[in-house]
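Participant: Input input.tsv, format and content: TSV, C-alpha atoms.
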```tsv
chain	number	residue	atom	x	y	z
A	1	MET	CA	12.21	-55.57	-202.00
A	2	ALA	CA	10.50	-55.03	-198.70
A	3	LEU	CA	11.29	-56.67	-195.38
A	4	HIS	CA	9.02	-56.50	-192.39
A	5	ARG	CA	9.51	-57.81	-188.90
A	6	ILE	CA	7.74	-57.35	-185.61
A	7	ARG	CA	9.03	-58.45	-182.25
A	8	ASP	CA	8.41	-57.70	-178.60
A	9	VAL	CA	11.32	-55.78	-177.12
A	10	MET	CA	11.40	-53.43	-174.14
A	11	GLY	CA	7.95	-54.69	-173.23
A	12	MET	CA	6.32	-53.48	-176.42
A	13	PRO	CA	5.90	-54.54	-180.03
A	14	VAL	CA	8.61	-53.11	-182.24
A	15	ALA	CA	8.00	-53.18	-185.99
A	16	VAL	CA	10.66	-52.53	-188.59
A	17	HIS	CA	9.75	-52.21	-192.24
A	18	VAL	CA	12.43	-51.71	-194.86
A	19	VAL	CA	11.94	-50.98	-198.55
A	20	CYS	CA	15.06	-51.08	-200.67
A	21	GLU	CA	16.67	-53.20	-203.34
A	22	GLU	CA	19.51	-54.51	-201.26
A	23	ALA	CA	17.60	-54.97	-197.97
A	24	LYS	CA	18.96	-57.76	-195.81
A	25	GLU	CA	17.52	-59.62	-192.86
A	26	GLY	CA	20.80	-58.96	-191.10
A	27	TRP	CA	19.97	-55.27	-190.96
A	28	LEU	CA	16.87	-56.04	-188.97
A	29	ASP	CA	18.85	-58.34	-186.68
A	30	GLU	CA	21.19	-55.47	-186.00
A	31	VAL	CA	18.31	-53.12	-185.18
A	32	TYR	CA	16.70	-55.56	-182.75
A	33	ASP	CA	20.05	-56.39	-181.18
A	34	ASP	CA	20.45	-52.72	-180.38
A	35	PHE	CA	16.98	-52.55	-178.81
A	36	VAL	CA	17.84	-55.55	-176.65
A	37	ALA	CA	21.20	-54.06	-175.70
A	38	LEU	CA	19.57	-50.80	-174.61
A	39	ASP	CA	16.93	-52.70	-172.66
A	40	GLU	CA	19.60	-54.66	-170.81
A	41	VAL	CA	21.19	-51.42	-169.69
A	42	PHE	CA	18.14	-49.27	-169.03
A	43	SER	CA	15.24	-51.50	-168.06
A	44	PRO	CA	13.97	-50.74	-164.56
A	45	PHE	CA	12.35	-54.18	-164.65
A	46	ARG	CA	15.66	-56.03	-164.90
A	47	SER	CA	17.36	-56.31	-161.56
A	48	ASP	CA	20.75	-56.57	-163.25
A	49	SER	CA	20.37	-53.50	-165.46
A	50	ALA	CA	22.63	-50.52	-164.90
A	51	VAL	CA	19.59	-48.42	-164.03
A	52	SER	CA	18.49	-50.87	-161.34
A	53	ARG	CA	21.99	-51.00	-159.92
A	54	ILE	CA	22.19	-47.21	-159.87
A	55	ASN	CA	18.90	-47.04	-158.02
A	56	ARG	CA	20.10	-49.59	-155.47
A	57	GLY	CA	23.20	-47.50	-154.92
A	58	GLU	CA	25.46	-50.21	-156.33
A	59	LEU	CA	26.66	-48.23	-159.32
A	60	LEU	CA	27.83	-44.64	-159.53
A	61	GLU	CA	27.04	-42.48	-162.51
A	62	ALA	CA	30.75	-42.01	-163.15
A	63	ASP	CA	31.24	-45.78	-163.41
A	64	SER	CA	28.09	-46.51	-165.33
A	65	GLY	CA	29.47	-46.44	-168.85
A	66	GLN	CA	29.08	-44.19	-171.82
A	67	LEU	CA	25.50	-45.16	-172.68
A	68	VAL	CA	24.16	-44.41	-169.24
A	69	ARG	CA	26.04	-41.15	-168.94
A	70	GLN	CA	24.75	-40.13	-172.34
A	71	ALA	CA	21.20	-40.98	-171.32
A	72	MET	CA	21.52	-39.02	-168.09
A	73	HIS	CA	22.86	-36.06	-170.01
A	74	LEU	CA	19.93	-36.19	-172.45
A	75	CYS	CA	17.44	-36.57	-169.61
A	76	ARG	CA	18.83	-33.47	-167.90
A	77	LEU	CA	18.72	-31.49	-171.11
A	78	TYR	CA	15.12	-32.42	-171.81
A	79	GLU	CA	14.04	-31.88	-168.24
A	80	GLN	CA	15.32	-28.34	-168.62
A	81	ALA	CA	13.87	-27.86	-172.10
A	82	THR	CA	10.42	-28.94	-170.91
A	83	ASN	CA	10.43	-26.91	-167.70
A	84	GLY	CA	10.53	-30.12	-165.74
A	85	TYR	CA	7.48	-31.68	-167.35
A	86	PHE	CA	9.69	-34.43	-168.63
A	87	SER	CA	11.68	-35.95	-165.82
A	88	ALA	CA	13.59	-39.18	-165.45
A	89	TRP	CA	13.94	-38.61	-161.72
A	90	LEU	CA	10.56	-39.21	-160.16
A	91	GLY	CA	10.01	-40.62	-156.73
A	92	GLY	CA	13.72	-40.53	-155.98
A	93	THR	CA	14.71	-43.04	-158.63
A	94	PHE	CA	16.26	-42.74	-162.05
A	95	ASN	CA	13.96	-44.09	-164.73
A	96	PRO	CA	14.89	-43.01	-168.25
A	97	SER	CA	12.29	-45.21	-169.96
A	98	GLY	CA	10.56	-42.14	-171.39
A	99	LEU	CA	13.76	-41.22	-173.18
A	100	VAL	CA	15.14	-44.62	-174.08
A	101	LYS	CA	12.22	-45.62	-176.29
A	102	GLY	CA	12.66	-42.66	-178.62
A	103	TRP	CA	16.40	-42.97	-178.40
A	104	ALA	CA	16.22	-46.62	-179.46
A	105	ILE	CA	14.10	-45.70	-182.48
A	106	ASP	CA	16.55	-42.96	-183.32
A	107	ARG	CA	19.48	-45.37	-183.12
A	108	ALA	CA	17.61	-47.87	-185.29
A	109	THR	CA	17.05	-45.11	-187.81
A	110	SER	CA	20.77	-44.38	-187.85
A	111	ILE	CA	21.64	-48.05	-188.28
A	112	LEU	CA	19.37	-48.39	-191.30
A	113	ALA	CA	20.43	-45.07	-192.80
A	114	GLN	CA	24.07	-46.08	-192.52
A	115	LYS	CA	23.29	-49.17	-194.57
A	116	GLY	CA	22.24	-46.82	-197.33
A	117	CYS	CA	18.57	-47.54	-196.83
A	118	ARG	CA	16.34	-44.61	-197.65
A	119	ASN	CA	12.85	-46.03	-197.27
A	120	PHE	CA	11.76	-47.54	-193.98
A	121	PHE	CA	9.92	-47.08	-190.77
A	122	VAL	CA	10.62	-48.10	-187.20
A	123	ASP	CA	7.61	-48.31	-184.91
A	124	ALA	CA	8.09	-48.98	-181.21
A	125	GLY	CA	4.83	-49.24	-179.36
A	126	GLY	CA	3.08	-46.60	-181.43
A	127	ASP	CA	5.97	-44.14	-181.66
A	128	VAL	CA	7.36	-44.09	-185.14
A	129	GLN	CA	10.05	-42.69	-187.38
A	130	VAL	CA	9.43	-42.87	-191.10
A	131	ARG	CA	11.95	-42.25	-193.86
A	132	GLY	CA	11.48	-42.00	-197.59
A	133	VAL	CA	8.50	-43.61	-199.25
A	134	ARG	CA	6.52	-46.83	-199.39
A	135	ASP	CA	7.15	-49.45	-202.04
A	136	ASP	CA	4.52	-47.81	-204.25
A	137	GLY	CA	6.47	-44.56	-204.12
A	138	ARG	CA	3.89	-42.79	-202.01
A	139	PRO	CA	4.47	-41.25	-198.58
A	140	TRP	CA	3.88	-43.29	-195.45
A	141	ARG	CA	0.49	-42.91	-193.84
A	142	VAL	CA	0.56	-42.72	-190.06
A	143	GLY	CA	-2.79	-42.77	-188.30
A	144	ILE	CA	-3.41	-41.15	-184.94
A	145	ARG	CA	-5.47	-43.63	-183.03
A	146	HIS	CA	-8.99	-42.62	-182.25
A	147	PRO	CA	-9.34	-42.76	-178.47
A	148	VAL	CA	-12.49	-44.83	-178.41
A	149	SER	CA	-11.84	-47.26	-181.20
A	150	ARG	CA	-8.66	-49.15	-181.67
A	151	ASP	CA	-9.11	-49.83	-185.33
A	152	ARG	CA	-10.02	-46.34	-186.45
A	153	VAL	CA	-8.05	-43.15	-186.56
A	154	ALA	CA	-8.67	-39.52	-185.72
A	155	ARG	CA	-6.23	-38.20	-188.30
A	156	VAL	CA	-3.90	-39.51	-190.96
A	157	ILE	CA	-0.45	-37.97	-191.31
A	158	GLU	CA	1.29	-38.33	-194.64
A	159	ALA	CA	5.02	-38.13	-194.38
A	160	ARG	CA	8.29	-38.90	-196.06
A	161	ASP	CA	10.70	-38.05	-193.27
A	162	LEU	CA	8.97	-37.57	-189.99
A	163	ALA	CA	8.69	-38.76	-186.42
A	164	VAL	CA	5.31	-39.27	-184.79
A	165	ALA	CA	4.98	-39.92	-181.06
A	166	THR	CA	1.84	-40.15	-178.98
A	167	SER	CA	1.48	-40.13	-175.24
A	168	GLY	CA	-1.76	-40.99	-173.62
A	169	THR	CA	-3.52	-42.53	-170.76
A	170	TYR	CA	-5.10	-45.98	-170.59
A	171	GLU	CA	-2.44	-47.73	-172.61
A	172	LYS	CA	-1.00	-49.18	-169.44
A	173	GLY	CA	-2.96	-47.29	-166.86
A	174	ASP	CA	-2.07	-43.74	-165.98
A	175	HIS	CA	1.62	-43.89	-166.62
A	176	ILE	CA	2.47	-40.27	-167.14
A	177	PHE	CA	3.06	-38.18	-164.09
A	178	ASP	CA	3.26	-34.48	-163.52
A	179	PRO	CA	6.69	-34.18	-161.96
A	180	HIS	CA	5.61	-31.08	-160.10
A	181	THR	CA	2.84	-32.79	-158.21
A	182	GLN	CA	4.06	-36.39	-158.49
A	183	THR	CA	0.54	-37.43	-159.40
A	184	ALA	CA	-0.93	-38.95	-162.50
A	185	VAL	CA	-2.22	-36.43	-164.96
A	186	SER	CA	-4.95	-37.03	-167.45
A	187	HIS	CA	-6.41	-33.77	-168.63
A	188	LEU	CA	-6.00	-35.27	-172.06
A	189	LEU	CA	-6.67	-38.63	-173.58
A	190	SER	CA	-3.76	-38.37	-175.93
A	191	PHE	CA	-1.12	-35.95	-177.09
A	192	THR	CA	0.72	-36.48	-180.37
A	193	VAL	CA	3.88	-34.69	-181.43
A	194	ILE	CA	5.33	-34.76	-184.94
A	195	GLY	CA	8.66	-33.44	-186.10
A	196	PRO	CA	11.96	-34.41	-187.63
A	197	ASP	CA	13.44	-36.27	-184.66
A	198	ILE	CA	11.79	-39.16	-182.80
A	199	LEU	CA	13.74	-38.72	-179.58
A	200	GLN	CA	12.61	-35.14	-179.28
A	201	ALA	CA	9.06	-35.89	-180.47
A	202	ASP	CA	8.71	-38.67	-177.92
A	203	VAL	CA	10.01	-36.61	-175.02
A	204	TYR	CA	7.83	-33.66	-176.02
A	205	ALA	CA	4.79	-35.90	-176.29
A	206	THR	CA	5.36	-37.04	-172.73
A	207	ALA	CA	5.93	-33.50	-171.52
A	208	GLY	CA	3.05	-32.04	-173.54
A	209	PHE	CA	0.66	-34.61	-172.16
A	210	ALA	CA	1.77	-33.77	-168.63
A	211	MET	CA	1.28	-30.06	-169.33
A	212	GLY	CA	-2.34	-30.69	-170.24
A	213	ASP	CA	-3.92	-27.52	-171.57
A	214	GLY	CA	-0.57	-25.81	-171.89
A	215	GLY	CA	0.97	-28.52	-174.03
A	216	LEU	CA	-0.10	-27.23	-177.42
A	217	ALA	CA	1.15	-23.73	-176.71
A	218	PHE	CA	4.47	-25.18	-175.63
A	219	ILE	CA	4.92	-27.23	-178.80
A	220	ASN	CA	3.80	-24.30	-180.92
A	221	ARG	CA	6.95	-22.52	-179.84
A	222	VAL	CA	9.25	-25.39	-180.75
A	223	PRO	CA	10.47	-24.88	-184.33
A	224	GLY	CA	9.76	-27.78	-186.64
A	225	TYR	CA	7.37	-29.57	-184.28
A	226	GLU	CA	3.59	-29.75	-184.28
A	227	ALA	CA	1.10	-31.35	-181.93
A	228	TYR	CA	-2.42	-32.74	-181.86
A	229	ALA	CA	-4.34	-33.23	-178.62
A	230	ILE	CA	-7.52	-35.07	-177.80
A	231	ASP	CA	-9.15	-34.19	-174.52
A	232	ARG	CA	-11.61	-36.00	-172.32
A	233	GLU	CA	-14.56	-34.33	-173.92
A	234	LEU	CA	-13.38	-35.81	-177.21
A	235	MET	CA	-12.45	-32.42	-178.52
A	236	ALA	CA	-9.43	-32.30	-180.76
A	237	SER	CA	-7.05	-29.33	-180.88
A	238	TRP	CA	-3.81	-28.87	-182.72
A	239	THR	CA	-0.95	-26.50	-183.30
A	240	SER	CA	-1.04	-24.05	-186.15
A	241	GLY	CA	1.13	-26.01	-188.56
A	242	PHE	CA	-0.26	-29.47	-187.89
A	243	GLY	CA	-2.85	-29.49	-190.65
A	244	GLN	CA	-0.33	-29.34	-193.45
A	245	TYR	CA	0.88	-32.84	-192.56
A	246	CYS	CA	-2.57	-34.37	-192.62
A	247	ALA	CA	-4.17	-36.32	-195.42
A	248	PRO	CA	-7.61	-35.08	-196.36
A	249	ALA	CA	-10.46	-36.95	-194.68
A	250	THR	CA	-11.63	-39.94	-196.63
B	1	MET	CA	-28.86	-46.08	-167.09
B	2	LYS	CA	-29.76	-42.79	-165.49
B	3	ARG	CA	-28.55	-40.95	-168.47
B	4	ALA	CA	-30.72	-37.90	-167.96
B	5	ALA	CA	-29.39	-37.45	-164.47
B	6	ILE	CA	-25.88	-37.53	-165.78
B	7	VAL	CA	-26.53	-35.07	-168.51
B	8	THR	CA	-28.28	-32.40	-166.50
B	9	GLY	CA	-25.81	-31.41	-163.84
B	10	MET	CA	-22.73	-32.59	-165.57
B	11	THR	CA	-20.23	-29.84	-165.86
B	12	ALA	CA	-17.26	-32.06	-165.58
B	13	VAL	CA	-15.13	-33.53	-168.25
B	14	GLY	CA	-15.67	-37.10	-169.17
B	15	VAL	CA	-19.36	-37.21	-169.67
B	16	ALA	CA	-19.07	-36.59	-173.35
B	17	LEU	CA	-17.07	-39.75	-173.44
B	18	VAL	CA	-20.04	-41.66	-172.13
B	19	LEU	CA	-22.54	-39.96	-174.34
B	20	ALA	CA	-20.47	-40.44	-177.40
B	21	TYR	CA	-20.93	-44.14	-177.09
B	22	LYS	CA	-24.59	-44.38	-176.46
B	23	VAL	CA	-26.46	-41.49	-177.84
B	24	THR	CA	-25.04	-39.16	-180.32
B	25	PRO	CA	-23.84	-40.15	-183.71
B	26	HIS	CA	-22.90	-36.59	-184.57
B	27	SER	CA	-22.07	-34.68	-181.42
B	28	SER	CA	-18.53	-35.82	-180.96
B	29	GLY	CA	-16.00	-33.07	-181.06
B	30	LEU	CA	-13.81	-35.56	-182.77
B	31	ALA	CA	-15.58	-34.86	-185.97
B	32	ALA	CA	-12.19	-33.37	-186.33
B	33	GLU	CA	-12.30	-32.59	-189.98
B	34	ALA	CA	-15.23	-30.30	-189.41
B	35	THR	CA	-13.55	-28.52	-186.54
B	36	PRO	CA	-11.73	-25.36	-187.47
B	37	THR	CA	-8.06	-25.31	-186.77
B	38	ALA	CA	-7.52	-24.43	-183.18
B	39	ASP	CA	-4.99	-21.77	-182.45
B	40	PRO	CA	-3.85	-22.88	-179.04
B	41	GLY	CA	-3.46	-19.29	-178.03
B	42	ASN	CA	-7.13	-18.71	-178.58
B	43	SER	CA	-8.40	-22.15	-177.82
B	44	GLN	CA	-11.02	-22.33	-175.15
B	45	SER	CA	-9.31	-25.37	-173.82
B	46	ALA	CA	-5.97	-23.65	-173.49
B	47	PRO	CA	-6.43	-20.76	-171.09
B	48	SER	CA	-2.94	-21.16	-169.74
B	49	PRO	CA	-0.34	-20.97	-172.47
B	50	VAL	CA	2.56	-20.69	-170.06
B	51	PRO	CA	4.13	-24.10	-169.69
B	52	SER	CA	6.32	-23.18	-166.79
B	53	GLY	CA	5.24	-24.17	-163.32
B	54	PRO	CA	2.70	-26.71	-162.21
B	55	ALA	CA	-0.78	-27.00	-163.65
B	56	PRO	CA	-3.15	-24.38	-162.26
B	57	PRO	CA	-5.46	-25.61	-159.53
B	58	THR	CA	-8.95	-26.55	-160.58
B	59	PRO	CA	-11.63	-24.13	-159.44
B	60	ALA	CA	-13.85	-25.67	-156.80
B	61	PRO	CA	-17.58	-25.49	-157.31
B	62	THR	CA	-19.80	-27.30	-154.88
B	63	GLY	CA	-20.70	-30.94	-155.35
B	64	ALA	CA	-19.64	-34.45	-154.60
B	65	THR	CA	-16.11	-35.29	-153.54
B	66	GLY	CA	-14.52	-38.68	-153.39
B	67	THR	CA	-13.37	-41.74	-155.26
B	68	PHE	CA	-15.97	-43.78	-157.02
B	69	THR	CA	-15.35	-47.16	-158.53
B	70	GLY	CA	-17.45	-48.28	-161.42
B	71	GLN	CA	-18.85	-51.73	-161.70
B	72	ASP	CA	-16.67	-54.43	-163.13
B	73	VAL	CA	-17.99	-54.85	-166.64
B	74	PRO	CA	-16.92	-58.16	-168.05
B	75	ASN	CA	-16.75	-58.81	-171.71
B	76	ARG	CA	-15.69	-61.94	-173.46
B	77	PHE	CA	-12.06	-60.93	-173.46
B	78	GLY	CA	-11.70	-59.78	-169.90
B	79	ASP	CA	-12.90	-57.40	-167.24
B	80	VAL	CA	-13.06	-53.64	-167.40
B	81	GLN	CA	-13.35	-51.47	-164.34
B	82	VAL	CA	-13.01	-47.72	-164.06
B	83	GLN	CA	-12.51	-45.45	-161.09
B	84	VAL	CA	-13.25	-41.72	-161.04
B	85	LEU	CA	-11.97	-39.14	-158.61
B	86	VAL	CA	-14.42	-36.34	-158.05
B	87	ALA	CA	-13.74	-33.09	-156.26
B	88	ASN	CA	-16.59	-30.68	-155.71
B	89	GLY	CA	-18.66	-32.20	-158.43
B	90	ARG	CA	-15.88	-32.21	-161.00
B	91	ILE	CA	-14.06	-35.22	-162.28
B	92	THR	CA	-10.41	-34.74	-161.56
B	93	ASP	CA	-9.17	-38.10	-162.71
B	94	VAL	CA	-10.28	-41.28	-164.40
B	95	LYS	CA	-8.35	-44.48	-163.96
B	96	ALA	CA	-8.79	-47.84	-165.57
B	97	LEU	CA	-8.44	-50.38	-162.78
B	98	GLN	CA	-8.84	-53.38	-165.03
B	99	LEU	CA	-8.45	-53.79	-168.74
B	100	PRO	CA	-8.19	-56.85	-170.93
B	101	SER	CA	-4.91	-57.49	-172.63
B	102	ASP	CA	-3.99	-55.56	-175.75
B	103	ARG	CA	-4.74	-58.36	-178.12
B	104	ALA	CA	-8.05	-59.03	-176.45
B	105	GLN	CA	-8.91	-55.35	-176.66
B	106	SER	CA	-8.27	-55.32	-180.33
B	107	ALA	CA	-10.44	-58.31	-180.98
B	108	TYR	CA	-13.12	-57.05	-178.65
B	109	ILE	CA	-13.38	-53.65	-180.19
B	110	SER	CA	-13.32	-54.82	-183.74
B	111	GLN	CA	-15.97	-57.42	-183.12
B	112	VAL	CA	-18.26	-55.86	-180.60
B	113	ALA	CA	-17.75	-52.18	-179.99
B	114	GLY	CA	-16.78	-51.12	-183.46
B	115	PRO	CA	-20.19	-51.19	-185.05
B	116	LEU	CA	-21.69	-49.32	-182.10
B	117	LEU	CA	-19.33	-46.39	-182.34
B	118	ARG	CA	-20.90	-44.21	-184.94
B	119	THR	CA	-19.67	-40.71	-185.12
B	120	GLU	CA	-18.78	-38.70	-188.15
B	121	ALA	CA	-15.14	-38.76	-187.27
B	122	LEU	CA	-15.03	-42.48	-186.89
B	123	GLN	CA	-16.62	-43.00	-190.26
B	124	ALA	CA	-14.57	-40.34	-191.93
B	125	GLN	CA	-11.27	-41.69	-190.73
B	126	ASN	CA	-11.68	-45.34	-191.47
B	127	ALA	CA	-8.68	-44.79	-193.66
B	128	LYS	CA	-5.97	-47.10	-194.89
B	129	ILE	CA	-2.79	-46.51	-192.97
B	130	ASP	CA	0.64	-48.06	-192.71
B	131	ILE	CA	1.28	-47.39	-189.03
B	132	ILE	CA	-0.80	-46.28	-186.10
B	133	SER	CA	0.34	-43.96	-183.35
B	134	GLY	CA	-1.55	-43.61	-180.16
B	135	ALA	CA	-2.84	-44.67	-176.84
B	136	THR	CA	-5.69	-47.06	-176.46
B	137	TYR	CA	-8.27	-48.12	-174.04
B	138	THR	CA	-11.08	-50.55	-174.06
B	139	SER	CA	-14.11	-49.06	-175.54
B	140	LEU	CA	-17.60	-50.01	-174.54
B	141	SER	CA	-16.93	-51.72	-171.25
B	142	TYR	CA	-14.89	-48.71	-170.29
B	143	ALA	CA	-17.80	-46.41	-170.96
B	144	GLN	CA	-20.16	-48.62	-169.01
B	145	SER	CA	-17.91	-48.79	-166.00
B	146	LEU	CA	-17.29	-45.06	-166.16
B	147	ASP	CA	-21.01	-44.48	-166.37
B	148	SER	CA	-21.68	-46.52	-163.23
B	149	ALA	CA	-18.92	-44.69	-161.37
B	150	LEU	CA	-20.44	-41.36	-162.36
B	151	GLN	CA	-23.84	-42.46	-161.12
B	152	GLN	CA	-22.38	-43.37	-157.76
B	153	ALA	CA	-20.72	-39.98	-157.60
B	154	HIS	CA	-24.08	-38.35	-158.36
B	155	VAL	CA	-22.27	-36.11	-160.73
B	156	GLY	CA	-25.47	-34.89	-162.19
```
Please render this file's structure as structure tokens.

Facilitator:
Amino acid sequence: MALHRIRDVMGMPVAVHVVCEEAKEGWLDEVYDDFVALDEVFSPFRSDSAVSRINRGELLEADSGQLVRQAMHLCRLYEQATNGYFSAWLGGTFNPSGLVKGWAIDRATSILAQKGCRNFFVDAGGDVQVRGVRDDGRPWRVGIRHPVSRDRVARVIEARDLAVATSGTYEKGDHIFDPHTQTAVSHLLSFTVIGPDILQADVYATAGFAMGDGGLAFINRVPGYEAYAIDRELMASWTSGFGQYCAPAT
Amino acid sequence: MKRAAIVTGMTAVGVALVLAYKVTPHSSGLAAEATPTADPGNSQSAPSPVPSGPAPPTPAPTGATGTFTGQDVPNRFGDVQVQVLVANGRITDVKALQLPSDRAQSAYISQVAGPLLRTEALQAQNAKIDIISGATYTSLSYAQSLDSALQQAHVG
């Protein structure tokens, strides 16, 4: 049987779709509970979140609990791995939102996998992890949104176990900043990263978008990950291995 | 629309965005399936493969400099307004100052803008999918507002 649910969490629609014999609504409850729990800790929009308290100087990293310390550790690792193009410390405050989204999807994936579920996807605001197959036994089809038309796609990725994350401008204004210049960057309209792990794909999508023209070359050197970029002239470019994941044009 | 004026002197990015809406059914680079696979190392759009360090500064040809705000283009689901930053005749940034809500965008594009967007890529990839990944922005009103901002900037 298949269960599907969509709910706004962390300020975005989160969809969970599960295909397996023994699927239970309780599994989905557990997934959403985890999203809510992470949001309560990490949301910069909640004045009582740990992140807000850290930024007000009311909470020290050492006292902030395991989740926050883990997030800070991951943020530092990825800041290093992306040459600073991913950063959770912009403008003097700690904002791990760019990490927490992918992390939440990753945790949801673990929750469902631990239930023994093999076929599902978790989609948080357009970043997605798919596992297994659809209920017709075929691979999941993930479209990369065409930048000028919401209901059409530039490419279709067919995947059984894959993460797909896209960063772009205009979703909520220019929300991705080049940490080196502290200004909004928008050389590209969108930058999509695919690979085995959604946390990494999401962080690399953010970093790759901020890198602009250098983003594809960067991802090309990351084993197991591919990228697809659409620039302002509506030209599409992609890394060398990207094509093998794409469905033929219809 | 002073389209000709925009086309002639337009070296900057962004203009293709405008043209793609109004004129050319086939000129979009997003006819992606027909585009050969880009090796980023050789791609014309990737002259700087080194990801370390800040983005290289943009070369500075002569031309207009400043911030130009496009007209507020209302549609039935909300207002769309775009601002462009131009330095020496080149667009360095485009910002959406106003956009309708997500749901409104969806309805707007599917009902109004969709049929007007006719490129090969759009037709080719009208595919059935399970999930969509990507960023969005409002389509036609965005182009109109961008167009008016570009005219003010005399980028062309």

Participant: At what distance in Å, to one decimal, does atom CA of A:Asn95 lie from atom CA of B:Gln81?

Facilitator: 28.3 Å

Participant: Stretch 203-205 of chain A: which residues within 8 Å, counting all atoms listed in the file, same-chain residues fewer than 5 positions away excluded, as a PyMOL selection string?

Facilitator: chain A and resi 78+82+86+98-99+102+165-167+191-193+219

Participant: To one decimal place, how far is atom CA of A:Ala236 from atom CA of A:Trp140 in Å?

Facilitator: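 Atom-to-atom, atom CA of A:Ala236 to atom CA of A:Trp140, that is 22.7 Å.
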
Participant: One decimal, in Å: what's the spacing between atom CA of B:Thr67 and atom CA of A:Ala210?

Facilitator: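 Result for atom CA of B:Thr67 versus atom CA of A:Ala210: 21.7 Å, one decimal.
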
Participant: Name all residues at most 9 Å from stretch 117-120 of chain A (count all atoms listed in the file; drop same-chain ones fewer than 4 positions away) and give them as a ChimeraX atom specification.

Facilitator: /A:2,16-23,109,112-113,129-135,160

Participant: Hey, could you pull the box centre and edge lengths for stretch 156-170 of chain A, axis-aligned, 8 Å padding per side, all listed atoms, to one decimal in Å, as JSON?

Facilitator:
```
{"center_x": 2.8, "center_y": -41.8, "center_z": -183.3, "size_x": 31.8, "size_y": 24.4, "size_z": 41.5}
```

Participant: Contacts of stretch 228-231 of chain A at 8 Å or less, counting all atoms listed in the file, minus same-chain residues fewer than 2 places along, as a ChimeraX atom specification?

Facilitator: /A:147,187-193,216,226,233-239,242

Participant: Let me make sure I understand: among B:Ala153, B:Ile132, B:Ala64, B:Val86, which one has the smallest atom-to-atom distance to chain A if we use all atoms listed in the file?

Facilitator: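 For chain A, the nearest of the candidates is B:Ile132.
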
Participant: How would you write as a JSON list (two decimals) with C-alpha atoms, keeping the file's coordinate frame the residues that get within 10 Å of (6.0, -48.9, -187.7) in the file's frame, counting all atoms listed in the file?

Facilitator:
```json
[["chain", "number", "residue", "atom", "x", "y", "z"],
["A", 4, "HIS", "CA", 9.02, -56.50, -192.39],
["A", 5, "ARG", "CA", 9.51, -57.81, -188.90],
["A", 6, "ILE", "CA", 7.74, -57.35, -185.61],
["A", 13, "PRO", "CA", 5.90, -54.54, -180.03],
["A", 14, "VAL", "CA", 8.61, -53.11, -182.24],
["A", 15, "ALA", "CA", 8.00, -53.18, -185.99],
["A", 16, "VAL", "CA", 10.66, -52.53, -188.59],
["A", 17, "HIS", "CA", 9.75, -52.21, -192.24],
["A", 120, "PHE", "CA", 11.76, -47.54, -193.98],
["A", 121, "PHE", "CA", 9.92, -47.08, -190.77],
["A", 122, "VAL", "CA", 10.62, -48.10, -187.20],
["A", 123, "ASP", "CA", 7.61, -48.31, -184.91],
["A", 124, "ALA", "CA", 8.09, -48.98, -181.21],
["A", 125, "GLY", "CA", 4.83, -49.24, -179.36],
["A", 126, "GLY", "CA", 3.08, -46.60, -181.43],
["A", 127, "ASP", "CA", 5.97, -44.14, -181.66],
["A", 128, "VAL", "CA", 7.36, -44.09, -185.14],
["A", 129, "GLN", "CA", 10.05, -42.69, -187.38],
["A", 130, "VAL", "CA", 9.43, -42.87, -191.10],
["A", 140, "TRP", "CA", 3.88, -43.29, -195.45],
["A", 142, "VAL", "CA", 0.56, -42.72, -190.06],
["B", 130, "ASP", "CA", 0.64, -48.06, -192.71],
["B", 131, "ILE", "CA", 1.28, -47.39, -189.03],
["B", 132, "ILE", "CA", -0.80, -46.28, -186.10],
["B", 133, "SER", "CA", 0.34, -43.96, -183.35]]
```

Participant: (24.6, -47.1, -166.8) in this file's frame - what residues fall within 8 Å of it? Use all atoms listed in the file and give the answer as a VMD selection string.

Facilitator: chain A and resid 41 to 42 49 to 51 54 59 61 63 to 69
